[in-house]
file final.json (JSON, C-alpha atoms)
[["chain", "number", "residue", "atom", "x", "y", "z"],
["Z", 195, "MET", "CA", -61.39, 33.62, -11.49],
["Z", 196, "GLY", "CA", -63.97, 35.12, -9.10],
["Z", 197, "LEU", "CA", -64.98, 33.42, -5.88],
["Z", 198, "SER", "CA", -68.38, 32.51, -7.25],
["Z", 199, "LYS", "CA", -66.72, 30.44, -9.95],
["Z", 200, "LYS", "CA", -64.79, 28.29, -7.47],
["Z", 201, "ARG", "CA", -66.40, 24.89, -7.33],
["Z", 202, "ILE", "CA", -65.92, 22.63, -4.30],
["Z", 203, "LEU", "CA", -66.85, 18.95, -4.00],
["Z", 204, "VAL", "CA", -67.87, 17.99, -0.44],
["Z", 205, "VAL", "CA", -67.61, 14.25, 0.26],
["Z", 206, "ASP", "CA", -69.12, 12.75, 3.40],
["Z", 207, "ASP", "CA", -71.33, 9.75, 4.09],
["Z", 208, "SER", "CA", -73.16, 11.79, 6.72],
["Z", 209, "GLU", "CA", -75.83, 13.76, 4.90],
["Z", 210, "SER", "CA", -76.04, 16.15, 7.86],
["Z", 211, "MET", "CA", -72.33, 16.99, 7.83],
["Z", 212, "ARG", "CA", -72.23, 17.17, 4.03],
["Z", 213, "GLN", "CA", -75.12, 19.60, 3.90],
["Z", 214, "HIS", "CA", -73.75, 21.59, 6.84],
["Z", 215, "VAL", "CA", -70.42, 22.10, 5.08],
["Z", 216, "ALA", "CA", -72.16, 22.79, 1.76],
["Z", 217, "HIS", "CA", -74.39, 25.39, 3.45],
["Z", 218, "LEU", "CA", -71.35, 27.13, 4.95],
["Z", 219, "LEU", "CA", -69.52, 27.21, 1.63],
["Z", 220, "ARG", "CA", -72.53, 28.37, -0.39],
["Z", 221, "GLY", "CA", -72.98, 31.15, 2.14],
["Z", 222, "GLU", "CA", -69.50, 32.34, 1.19],
["Z", 223, "GLY", "CA", -70.31, 32.33, -2.51],
["Z", 224, "PHE", "CA", -68.75, 29.02, -3.53],
["Z", 225, "GLU", "CA", -70.46, 26.60, -5.87],
["Z", 226, "VAL", "CA", -70.79, 23.25, -4.11],
["Z", 227, "LEU", "CA", -71.24, 19.69, -5.30],
["Z", 228, "GLU", "CA", -71.92, 16.81, -2.91],
["Z", 229, "ALA", "CA", -70.91, 13.16, -2.89],
["Z", 230, "GLU", "CA", -71.67, 10.48, -0.31],
["Z", 231, "ASP", "CA", -68.46, 8.43, -0.60],
["Z", 232, "GLY", "CA", -65.25, 8.14, -2.61],
["Z", 233, "LEU", "CA", -66.78, 6.32, -5.56],
["Z", 234, "ASP", "CA", -69.61, 8.82, -5.81],
["Z", 235, "ALA", "CA", -67.00, 11.60, -5.67],
["Z", 236, "LEU", "CA", -65.05, 10.15, -8.59],
["Z", 237, "GLU", "CA", -68.25, 9.92, -10.64],
["Z", 238, "LYS", "CA", -69.02, 13.56, -9.83],
["Z", 239, "LEU", "CA", -65.49, 14.62, -10.75],
["Z", 240, "ASP", "CA", -65.83, 12.85, -14.11],
["Z", 241, "ALA", "CA", -69.29, 14.22, -14.86],
["Z", 242, "ALA", "CA", -69.34, 17.71, -13.43],
["Z", 243, "GLY", "CA", -66.47, 19.49, -15.11],
["Z", 244, "PRO", "CA", -63.68, 21.35, -13.33],
["Z", 245, "VAL", "CA", -63.62, 21.28, -9.54],
["Z", 246, "GLN", "CA", -61.15, 23.49, -7.69],
["Z", 247, "LEU", "CA", -61.16, 21.69, -4.31],
["Z", 248, "VAL", "CA", -62.29, 18.42, -2.77],
["Z", 249, "LEU", "CA", -63.19, 18.47, 0.93],
["Z", 250, "SER", "CA", -63.48, 14.85, 2.04],
["Z", 251, "ASP", "CA", -64.28, 12.77, 5.09],
["Z", 252, "VAL", "CA", -61.95, 9.82, 5.73],
["Z", 253, "ARG", "CA", -64.06, 6.94, 6.99],
["Z", 254, "MET", "CA", -66.80, 6.16, 4.47],
["Z", 255, "PRO", "CA", -68.34, 3.02, 2.94],
["Z", 256, "ARG", "CA", -67.37, 1.70, -0.52],
["Z", 257, "MET", "CA", -64.34, 3.99, -0.95],
["Z", 258, "ASP", "CA", -62.86, 5.91, 1.97],
["Z", 259, "GLY", "CA", -61.16, 9.27, 1.89],
["Z", 260, "LEU", "CA", -57.65, 7.88, 1.55],
["Z", 261, "GLY", "CA", -58.82, 5.72, -1.35],
["Z", 262, "LEU", "CA", -60.30, 8.79, -2.97],
["Z", 263, "LEU", "CA", -57.07, 10.68, -2.42],
["Z", 264, "ALA", "CA", -55.11, 7.91, -4.16],
["Z", 265, "ALA", "CA", -57.60, 7.78, -7.04],
["Z", 266, "ILE", "CA", -57.38, 11.55, -7.55],
["Z", 267, "ALA", "CA", -53.57, 11.41, -7.42],
["Z", 268, "ALA", "CA", -53.66, 8.89, -10.27],
["Z", 269, "ARG", "CA", -55.64, 11.21, -12.55],
["Z", 270, "PRO", "CA", -54.06, 13.47, -15.18],
["Z", 271, "GLU", "CA", -52.69, 16.64, -13.58],
["Z", 272, "ALA", "CA", -55.35, 18.87, -15.11],
["Z", 273, "GLN", "CA", -58.07, 16.73, -13.48],
["Z", 274, "ARG", "CA", -56.43, 16.59, -10.08],
["Z", 275, "PRO", "CA", -57.99, 19.12, -7.66],
["Z", 276, "PRO", "CA", -56.38, 19.68, -4.26],
["Z", 277, "VAL", "CA", -57.87, 17.56, -1.47],
["Z", 278, "VAL", "CA", -58.39, 18.55, 2.16],
["Z", 279, "MET", "CA", -59.54, 15.90, 4.61],
["Z", 280, "LEU", "CA", -62.32, 16.78, 7.10],
["Z", 281, "THR", "CA", -62.61, 14.04, 9.68],
["Z", 282, "THR", "CA", -62.95, 12.95, 13.30],
["Z", 283, "GLU", "CA", -59.69, 11.00, 12.86],
["Z", 284, "ARG", "CA", -56.69, 12.34, 14.78],
["Z", 285, "ASP", "CA", -54.42, 9.35, 14.16],
["Z", 286, "PRO", "CA", -50.95, 10.72, 13.27],
["Z", 287, "ALA", "CA", -50.25, 7.67, 11.08],
["Z", 288, "LEU", "CA", -53.31, 8.37, 8.93],
["Z", 289, "LEU", "CA", -52.41, 12.03, 8.74],
["Z", 290, "THR", "CA", -48.92, 11.15, 7.53],
["Z", 291, "ARG", "CA", -50.34, 8.78, 4.92],
["Z", 292, "ALA", "CA", -52.68, 11.48, 3.67],
["Z", 293, "ARG", "CA", -49.93, 14.07, 3.43],
["Z", 294, "GLU", "CA", -47.65, 11.65, 1.57],
["Z", 295, "ALA", "CA", -50.53, 10.89, -0.81],
["Z", 296, "GLY", "CA", -50.84, 14.57, -1.62],
["Z", 297, "ALA", "CA", -53.52, 15.92, 0.74],
["Z", 298, "LYS", "CA", -53.32, 19.69, 1.27],
["Z", 299, "GLY", "CA", -54.73, 19.65, 4.76],
["Z", 300, "TRP", "CA", -56.36, 17.72, 7.57],
["Z", 301, "LEU", "CA", -59.20, 19.42, 9.45],
["Z", 302, "ILE", "CA", -60.90, 17.99, 12.51],
["Z", 303, "LYS", "CA", -64.60, 17.40, 13.22],
["Z", 304, "PRO", "CA", -66.31, 18.84, 15.16],
["Z", 305, "PHE", "CA", -65.05, 22.08, 13.65],
["Z", 306, "LYS", "CA", -65.52, 25.79, 14.02],
["Z", 307, "PRO", "CA", -66.93, 27.13, 10.73],
["Z", 308, "GLU", "CA", -64.21, 29.78, 10.48],
["Z", 309, "ILE", "CA", -61.52, 27.09, 10.61],
["Z", 310, "VAL", "CA", -62.97, 25.31, 7.59],
["Z", 311, "LEU", "CA", -63.63, 28.53, 5.67],
["Z", 312, "THR", "CA", -60.14, 29.85, 6.37],
["Z", 313, "GLY", "CA", -58.62, 26.55, 5.29],
["Z", 314, "VAL", "CA", -60.65, 26.46, 2.09],
["Z", 315, "ARG", "CA", -59.72, 30.04, 1.17],
["Z", 316, "ARG", "CA", -56.07, 29.38, 1.87],
["Z", 317, "VAL", "CA", -55.91, 26.25, -0.28],
["Z", 318, "LEU", "CA", -57.79, 28.02, -3.06],
["Z", 319, "GLY", "CA", -55.64, 31.13, -2.70],
["Z", 320, "VAL", "CA", -58.65, 33.45, -2.36],
["Z", 321, "GLY", "CA", -59.74, 36.06, 0.18],
["H", 2, "MET", "CA", -59.89, -9.04, 30.33],
["H", 3, "PRO", "CA", -62.21, -7.02, 32.59],
["H", 4, "LEU", "CA", -61.40, -3.40, 33.37],
["H", 5, "SER", "CA", -60.08, -2.49, 36.82],
["H", 6, "GLN", "CA", -61.99, 0.06, 38.90],
["H", 7, "SER", "CA", -59.36, 2.73, 38.27],
["H", 8, "GLN", "CA", -59.54, 2.06, 34.51],
["H", 9, "VAL", "CA", -63.31, 2.33, 34.66],
["H", 10, "GLU", "CA", -63.01, 5.72, 36.38],
["H", 11, "VAL", "CA", -60.58, 7.01, 33.75],
["H", 12, "LEU", "CA", -62.79, 5.75, 30.94],
["H", 13, "ARG", "CA", -65.88, 7.24, 32.53],
["H", 14, "ALA", "CA", -64.24, 10.66, 32.74],
["H", 15, "MET", "CA", -63.10, 10.41, 29.11],
["H", 16, "LEU", "CA", -66.52, 9.29, 27.91],
["H", 17, "LEU", "CA", -68.29, 12.08, 29.74],
["H", 18, "ASP", "CA", -65.84, 14.71, 28.53],
["H", 19, "ALA", "CA", -66.02, 13.54, 24.91],
["H", 20, "SER", "CA", -69.82, 13.42, 24.91],
["H", 21, "ILE", "CA", -70.29, 16.84, 26.49],
["H", 22, "SER", "CA", -67.64, 18.34, 24.18],
["H", 23, "VAL", "CA", -69.30, 17.08, 21.01],
["H", 24, "PHE", "CA", -72.76, 18.35, 21.93],
["H", 25, "LEU", "CA", -71.28, 21.67, 23.04],
["H", 26, "ALA", "CA", -69.41, 22.01, 19.74],
["H", 27, "HIS", "CA", -72.81, 21.80, 18.07],
["H", 28, "GLY", "CA", -74.38, 24.42, 20.31],
["H", 29, "LEU", "CA", -76.07, 22.22, 22.90],
["H", 30, "THR", "CA", -75.10, 22.35, 26.55],
["H", 31, "MET", "CA", -75.42, 18.96, 28.23],
["H", 32, "VAL", "CA", -74.38, 18.36, 31.82],
["H", 33, "ASP", "CA", -73.34, 15.29, 33.77],
["H", 34, "ASP", "CA", -76.48, 13.54, 35.03],
["H", 35, "GLY", "CA", -74.70, 10.78, 36.88],
["H", 36, "ASP", "CA", -74.59, 7.08, 36.23],
["H", 37, "GLY", "CA", -76.44, 6.19, 33.04],
["H", 38, "ASP", "CA", -77.69, 2.99, 34.64],
["H", 39, "ALA", "CA", -79.33, 4.83, 37.52],
["H", 40, "PRO", "CA", -82.94, 5.97, 37.32],
["H", 41, "ALA", "CA", -83.29, 9.51, 36.02],
["H", 42, "ALA", "CA", -83.85, 12.16, 38.70],
["H", 43, "GLY", "CA", -86.02, 14.26, 36.38],
["H", 44, "PRO", "CA", -88.02, 13.59, 33.25],
["H", 45, "ALA", "CA", -86.31, 10.85, 31.28],
["H", 46, "ALA", "CA", -86.88, 12.46, 27.93],
["H", 47, "ALA", "CA", -89.28, 14.74, 26.17],
["H", 48, "GLY", "CA", -90.81, 12.65, 23.44],
["H", 49, "GLU", "CA", -89.35, 9.63, 21.74],
["H", 50, "GLN", "CA", -85.78, 8.53, 21.79],
["H", 51, "ILE", "CA", -83.41, 7.41, 19.09],
["H", 52, "ALA", "CA", -80.17, 5.46, 19.33],
["H", 53, "ALA", "CA", -77.01, 4.80, 17.36],
["H", 54, "ALA", "CA", -73.97, 2.65, 17.93],
["H", 55, "ALA", "CA", -70.54, 2.06, 16.43],
["H", 56, "SER", "CA", -68.09, -0.70, 17.13],
["H", 57, "PHE", "CA", -64.34, -0.33, 17.40],
["H", 58, "GLU", "CA", -61.47, -2.78, 17.31],
["H", 59, "GLY", "CA", -57.75, -2.63, 17.96],
["H", 60, "GLU", "CA", -55.01, -5.03, 18.97],
["H", 61, "ARG", "CA", -55.46, -4.20, 22.64],
["H", 62, "ILE", "CA", -59.02, -2.99, 22.95],
["H", 63, "ARG", "CA", -62.33, -3.56, 21.26],
["H", 64, "GLY", "CA", -65.93, -2.76, 21.98],
["H", 65, "ARG", "CA", -68.91, -0.62, 21.09],
["H", 66, "LEU", "CA", -70.11, 2.91, 21.81],
["H", 67, "SER", "CA", -73.83, 3.64, 21.92],
["H", 68, "LEU", "CA", -75.85, 6.81, 22.33],
["H", 69, "LEU", "CA", -79.51, 6.94, 23.30],
["H", 70, "ALA", "CA", -80.94, 10.44, 23.09],
["H", 71, "PRO", "CA", -84.22, 12.32, 22.87],
["H", 72, "TYR", "CA", -85.16, 13.54, 19.39],
["H", 73, "GLY", "CA", -85.20, 17.03, 20.91],
["H", 74, "SER", "CA", -81.49, 16.93, 21.74],
["H", 75, "LEU", "CA", -80.70, 15.99, 18.16],
["H", 76, "LEU", "CA", -82.91, 18.74, 16.80],
["H", 77, "GLU", "CA", -81.19, 21.24, 19.10],
["H", 78, "SER", "CA", -77.70, 20.19, 18.06],
["H", 79, "HIS", "CA", -78.23, 19.57, 14.33],
["H", 80, "PRO", "CA", -76.02, 21.94, 12.30],
["H", 81, "LEU", "CA", -78.92, 22.90, 10.03],
["H", 82, "ARG", "CA", -81.35, 23.74, 12.85],
["H", 83, "GLY", "CA", -83.03, 27.02, 12.08],
["H", 84, "VAL", "CA", -81.97, 26.85, 8.45],
["H", 85, "ARG", "CA", -84.85, 24.66, 7.32],
["H", 86, "PRO", "CA", -87.22, 22.06, 8.78],
["H", 87, "LEU", "CA", -85.47, 18.77, 9.54],
["H", 88, "GLN", "CA", -86.79, 15.36, 8.61],
["H", 89, "GLU", "CA", -86.58, 12.28, 10.84],
["H", 90, "ARG", "CA", -84.21, 10.73, 8.29],
["H", 91, "GLU", "CA", -81.81, 13.61, 8.94],
["H", 92, "LEU", "CA", -81.95, 13.07, 12.69],
["H", 93, "ARG", "CA", -81.13, 9.40, 12.20],
["H", 94, "ASP", "CA", -78.16, 10.45, 10.13],
["H", 95, "TRP", "CA", -77.20, 13.07, 12.69],
["H", 96, "ILE", "CA", -77.16, 10.73, 15.70],
["H", 97, "CYS", "CA", -74.80, 8.48, 13.75],
["H", 98, "GLU", "CA", -72.49, 11.44, 13.14],
["H", 99, "VAL", "CA", -72.64, 12.41, 16.83],
["H", 100, "VAL", "CA", -71.61, 8.86, 17.77],
["H", 101, "ASN", "CA", -68.86, 9.06, 15.18],
["H", 102, "GLN", "CA", -67.54, 12.29, 16.67],
["H", 103, "ILE", "CA", -67.74, 11.10, 20.30],
["H", 104, "LEU", "CA", -65.93, 7.91, 19.37],
["H", 105, "GLY", "CA", -63.36, 9.94, 17.42],
["H", 106, "LEU", "CA", -62.55, 12.01, 20.51],
["H", 107, "LEU", "CA", -62.42, 8.90, 22.67],
["H", 108, "LYS", "CA", -60.13, 7.24, 20.14],
["H", 109, "ALA", "CA", -57.71, 10.16, 20.31],
["H", 110, "ARG", "CA", -57.63, 10.11, 24.11],
["H", 111, "LEU", "CA", -57.25, 6.33, 24.36],
["H", 112, "GLY", "CA", -54.62, 6.34, 21.62],
["H", 113, "ARG", "CA", -52.53, 8.67, 23.76],
["H", 114, "ARG", "CA", -52.76, 6.05, 26.51],
["H", 115, "GLY", "CA", -51.60, 3.23, 24.28],
["H", 116, "LEU", "CA", -54.97, 1.82, 23.23],
["H", 117, "GLY", "CA", -55.38, 2.54, 19.55],
["H", 118, "PHE", "CA", -58.27, 1.17, 17.48],
["H", 119, "GLU", "CA", -60.15, 1.45, 14.21],
["H", 120, "GLN", "CA", -63.67, 2.85, 14.29],
["H", 121, "GLY", "CA", -66.54, 1.09, 12.58],
["H", 122, "LEU", "CA", -69.30, 2.91, 10.73],
["H", 123, "PRO", "CA", -72.20, 3.83, 13.02],
["H", 124, "SER", "CA", -75.73, 2.57, 12.58],
["H", 125, "CYS", "CA", -79.02, 3.89, 13.91],
["H", 126, "LEU", "CA", -81.78, 2.14, 15.85],
["H", 127, "ILE", "CA", -85.30, 3.50, 16.20],
["H", 128, "GLY", "CA", -88.63, 2.24, 17.44],
["H", 129, "PRO", "CA", -90.80, 2.00, 20.53],
["H", 130, "GLY", "CA", -89.11, 0.63, 23.62],
["H", 131, "ILE", "CA", -85.64, 1.38, 22.33],
["H", 132, "GLY", "CA", -84.65, 2.43, 25.85],
["H", 133, "ARG", "CA", -85.03, -1.17, 26.97],
["H", 134, "VAL", "CA", -82.57, -2.31, 24.30],
["H", 135, "TYR", "CA", -80.07, 0.04, 25.86],
["H", 136, "ALA", "CA", -80.85, -0.90, 29.45],
["H", 137, "ALA", "CA", -77.90, -1.57, 31.73],
["H", 138, "GLN", "CA", -75.83, -4.58, 30.73],
["H", 139, "ALA", "CA", -73.05, -6.22, 32.68],
["H", 140, "GLY", "CA", -69.65, -4.94, 31.64],
["H", 141, "THR", "CA", -71.01, -1.74, 30.13],
["H", 142, "LEU", "CA", -69.94, 1.68, 31.31],
["H", 143, "SER", "CA", -72.79, 4.14, 31.10],
["H", 144, "VAL", "CA", -72.92, 7.90, 31.62],
["H", 145, "ALA", "CA", -75.96, 10.16, 31.51],
["H", 146, "LEU", "CA", -76.19, 13.70, 30.19],
["H", 147, "ARG", "CA", -79.01, 16.13, 30.73],
["H", 148, "GLY", "CA", -80.03, 18.91, 28.38],
["H", 149, "ARG", "CA", -83.12, 20.99, 27.64],
["H", 150, "SER", "CA", -84.91, 18.08, 25.98],
["H", 151, "GLY", "CA", -84.15, 15.51, 28.62],
["H", 152, "ARG", "CA", -81.69, 12.79, 29.34],
["H", 153, "ALA", "CA", -79.26, 11.11, 26.98],
["H", 154, "THR", "CA", -77.24, 8.02, 27.80],
["H", 155, "VAL", "CA", -73.84, 7.12, 26.39],
["H", 156, "GLN", "CA", -72.69, 3.55, 26.83],
["H", 157, "LEU", "CA", -69.26, 2.09, 26.32],
["H", 158, "ARG", "CA", -68.64, -1.62, 26.23],
["H", 159, "ALA", "CA", -64.91, -2.29, 26.09],
["H", 160, "THR", "CA", -62.76, -5.38, 26.41],
["H", 161, "LEU", "CA", -59.01, -5.26, 26.84],
["H", 162, "ALA", "CA", -56.66, -7.91, 25.46],
["H", 163, "PRO", "CA", -54.74, -9.94, 28.05],
["H", 164, "GLY", "CA", -51.94, -7.82, 29.47],
["H", 165, "ALA", "CA", -53.31, -4.60, 27.99],
["H", 166, "GLY", "CA", -54.05, -1.58, 30.13],
["H", 167, "LEU", "CA", -54.37, 2.17, 30.10],
["H", 168, "ALA", "CA", -51.06, 3.98, 30.30],
["H", 169, "GLU", "CA", -50.77, 6.05, 33.47],
["H", 170, "SER", "CA", -50.94, 9.38, 31.69],
["H", 171, "GLU", "CA", -51.82, 10.71, 28.27],
["H", 172, "ALA", "CA", -49.04, 11.58, 25.88],
["H", 173, "GLU", "CA", -49.25, 15.16, 24.69],
["H", 174, "PRO", "CA", -51.03, 15.49, 21.36],
["H", 175, "GLY", "CA", -48.37, 16.07, 18.77],
["H", 176, "TRP", "CA", -50.42, 18.41, 16.61],
["H", 177, "LEU", "CA", -53.24, 20.90, 16.68],
["H", 178, "GLU", "CA", -56.72, 19.74, 17.65],
["H", 179, "GLU", "CA", -58.29, 21.85, 14.92],
["H", 180, "GLY", "CA", -56.17, 20.46, 12.11],
["H", 181, "LEU", "CA", -53.29, 21.29, 9.82],
["H", 182, "LEU", "CA", -52.88, 22.77, 6.38],
["H", 183, "TRP", "CA", -50.00, 21.98, 4.04],
["H", 184, "ALA", "CA", -51.09, 24.30, 1.27]]

call {"tool": "encode", "arguments": {"input": "final.json", "output": "structure tokens"}}
result
Amino acid sequence: MGLSKKRILVVDDSESMRQHVAHLLRGEGFEVLEAEDGLDALEKLDAAGPVQLVLSDVRMPRMDGLGLLAAIAARPEAQRPPVVMLTTERDPALLTRAREAGAKGWLIKPFKPEIVLTGVRRVLGVG
Amino acid sequence: MPLSQSQVEVLRAMLLDASISVFLAHGLTMVDDGDGDAPAAGPAAAGEQIAAAASFEGERIRGRLSLLAPYGSLLESHPLRGVRPLQERELRDWICEVVNQILGLLKARLGRRGLGFEQGLPSCLIGPGIGRVYAAQAGTLSVALRGRSGRATVQLRATLAPGAGLAESEAEPGWLEEGLLWA
């Protein structure tokens, strides 16, 4: 599958951060969907067809990132994209919970664009 | 429980460092402009100001972090500056994210000194005279930053539980500041 076919769902309640990350990823040729919290993300996952990666904030209204992680883990395997958290949180206990729940990474905001892009490529196994 | 003078000094240094670091990470150099409660030495701000605040609460510490900044500083630090014109709605969203990131850094530093807490979601405040809302209040630690667009003020109101205090030194962070991948 070519890079341009890789679809990434960016989940963040901050429109600025969401669009910043989406802009970075689109600039690298990824297709990007956006969701403003965990519940919105689940709706997008159900409606939008296959998604190859979810990049999610942790602290959000309605459903937070760890809630989203748990909800994705409960889906059938074929509908379970890898999840990388992108957050200001540096709490080791939260990080451990996320890893145990199946997260593939934990990236810190504020971030250097190359850190996020490298992480995304590595999880997707491209570039 | 009120903070001791030495605790106030440590917190002030942390607050200043976190605030400058976050703006710098988004391409805007801000420098220490002294006590946020003191009158500004130069122009207070170019144009109107905007504010955001987030509360935090833990077993041993709770309080609120606020940021009052010129619109110009938010325009200059917004990640989509230069990509397309930015709407006021986006600057309101952005100041909330800046508060979120400053508080996130502060949380990490305080956690290493034994004062962990949960962050609340930030909210934004706009309108004429907003500077007066954020005028000096008793028990509030305030630092000022100066950038190209004027002066920003970061305020921290914190209360410690009885018997709680800052550990003498920060424990070493146990993992990378940029993050980890398990893929």

call {"tool": "closest_residue", "arguments": {"input": "final.json", "among": "H:Val23, H:Ile51, H:Leu181, H:Ile127", "to": "Z:Val310", "atoms": "all atoms listed in the file"}}
result
H:Leu181

call {"tool": "interface_residues", "arguments": {"input": "final.json", "of": "chain H", "to": "chain Z", "cutoff": "10 Å", "atoms": "all atoms listed in the file", "output": "PyMOL selection string"}}
result
chain H and resi 22-27+79-82+84+87+90-99+101-106+108-110+112-113+117-122+174-184

call {"tool": "residues_around", "arguments": {"input": "final.json", "residues": "stretch 268-273 of chain Z", "least_positions_apart": "5", "cutoff": "10 Å", "atoms": "all atoms listed in the file", "output": "number ranges by chain"}}
result
Z: 239-240, 243-246, 262-263

call {"tool": "atom_distance", "arguments": {"input": "final.json", "atom1": "atom CA of H:Glu60", "atom2": "atom CA of H:Gly164"}}
result
11.3 Å

call {"tool": "closest_residue", "arguments": {"input": "final.json", "among": "H:Met15, H:Leu75, H:Ala159, H:Ala172", "to": "H:Gly59", "atoms": "all atoms listed in the file"}}
result
H:Ala159

call {"tool": "atom_distance", "arguments": {"input": "final.json", "atom1": "atom CA of H:Arg158", "atom2": "atom CA of H:Ser7"}}
result
15.8 Å

call {"tool": "atom_distance", "arguments": {"input": "final.json", "atom1": "atom CA of Z:Arg274", "atom2": "atom CA of Z:Arg201"}}
result
13.3 Å

call {"tool": "closest_residue", "arguments": {"input": "final.json", "among": "H:Leu12, H:Leu68, H:Leu17, H:Ala52", "to": "H:Thr154", "atoms": "all atoms listed in the file"}}
result
H:Leu68

call {"tool": "residues_around", "arguments": {"input": "final.json", "residues": "H:Ala162", "least_positions_apart": "3", "cutoff": "9 Å", "atoms": "only C-alpha atoms", "output": "tab-separated table (two decimals) with C-alpha atoms, in the coordinates of the input"}}
result
chain	number	residue	atom	x	y	z
H	2	MET	CA	-59.89	-9.04	30.33
H	60	GLU	CA	-55.01	-5.03	18.97
H	61	ARG	CA	-55.46	-4.20	22.64
H	62	ILE	CA	-59.02	-2.99	22.95
H	63	ARG	CA	-62.33	-3.56	21.26
H	165	ALA	CA	-53.31	-4.60	27.99
H	166	GLY	CA	-54.05	-1.58	30.13

call {"tool": "axis_aligned_box", "arguments": {"input": "final.json", "around": "stretch 242-259 of chain Z", "padding_each_side": "5 Å", "output": "JSON"}}
result
{"center_x": -65.2, "center_y": 12.6, "center_z": -4.1, "size_x": 18.2, "size_y": 31.8, "size_z": 32.1}

call {"tool": "residues_around", "arguments": {"input": "final.json", "residues": "H:Gln8", "least_positions_apart": "3", "cutoff": "12 Å", "atoms": "all atoms listed in the file", "output": "number ranges by chain"}}
result
H: 2-5, 11-15, 111, 114, 142, 159-161, 165-170

call {"tool": "write_last_selection", "arguments": {"input": "final.json", "atoms": "C-alpha atoms", "output": "PDB file, in the frame of the given file"}}
result
ATOM      1  CA  MET H   2     -59.890  -9.040  30.330  1.00  0.00           C
ATOM      2  CA  PRO H   3     -62.210  -7.020  32.590  1.00  0.00           C
ATOM      3  CA  LEU H   4     -61.400  -3.400  33.370  1.00  0.00           C
ATOM      4  CA  SER H   5     -60.080  -2.490  36.820  1.00  0.00           C
ATOM      5  CA  VAL H  11     -60.580   7.010  33.750  1.00  0.00           C
ATOM      6  CA  LEU H  12     -62.790   5.750  30.940  1.00  0.00           C
ATOM      7  CA  ARG H  13     -65.880   7.240  32.530  1.00  0.00           C
ATOM      8  CA  ALA H  14     -64.240  10.660  32.740  1.00  0.00           C
ATOM      9  CA  MET H  15     -63.100  10.410  29.110  1.00  0.00           C
ATOM     10  CA  LEU H 111     -57.250   6.330  24.360  1.00  0.00           C
ATOM     11  CA  ARG H 114     -52.760   6.050  26.510  1.00  0.00           C
ATOM     12  CA  LEU H 142     -69.940   1.680  31.310  1.00  0.00           C
ATOM     13  CA  ALA H 159     -64.910  -2.290  26.090  1.00  0.00           C
ATOM     14  CA  THR H 160     -62.760  -5.380  26.410  1.00  0.00           C
ATOM     15  CA  LEU H 161     -59.010  -5.260  26.840  1.00  0.00           C
ATOM     16  CA  ALA H 165     -53.310  -4.600  27.990  1.00  0.00           C
ATOM     17  CA  GLY H 166     -54.050  -1.580  30.130  1.00  0.00           C
ATOM     18  CA  LEU H 167     -54.370   2.170  30.100  1.00  0.00           C
ATOM     19  CA  ALA H 168     -51.060   3.980  30.300  1.00  0.00           C
ATOM     20  CA  GLU H 169     -50.770   6.050  33.470  1.00  0.00           C
ATOM     21  CA  SER H 170     -50.940   9.380  31.690  1.00  0.00           C
TER      22      SER H 170
END

call {"tool": "closest_residue", "arguments": {"input": "final.json", "among": "Z:Gly232, Z:Gly223, Z:Pro307, Z:Pro275", "to": "Z:Gly259", "atoms": "all atoms listed in the file"}}
result
Z:Gly232
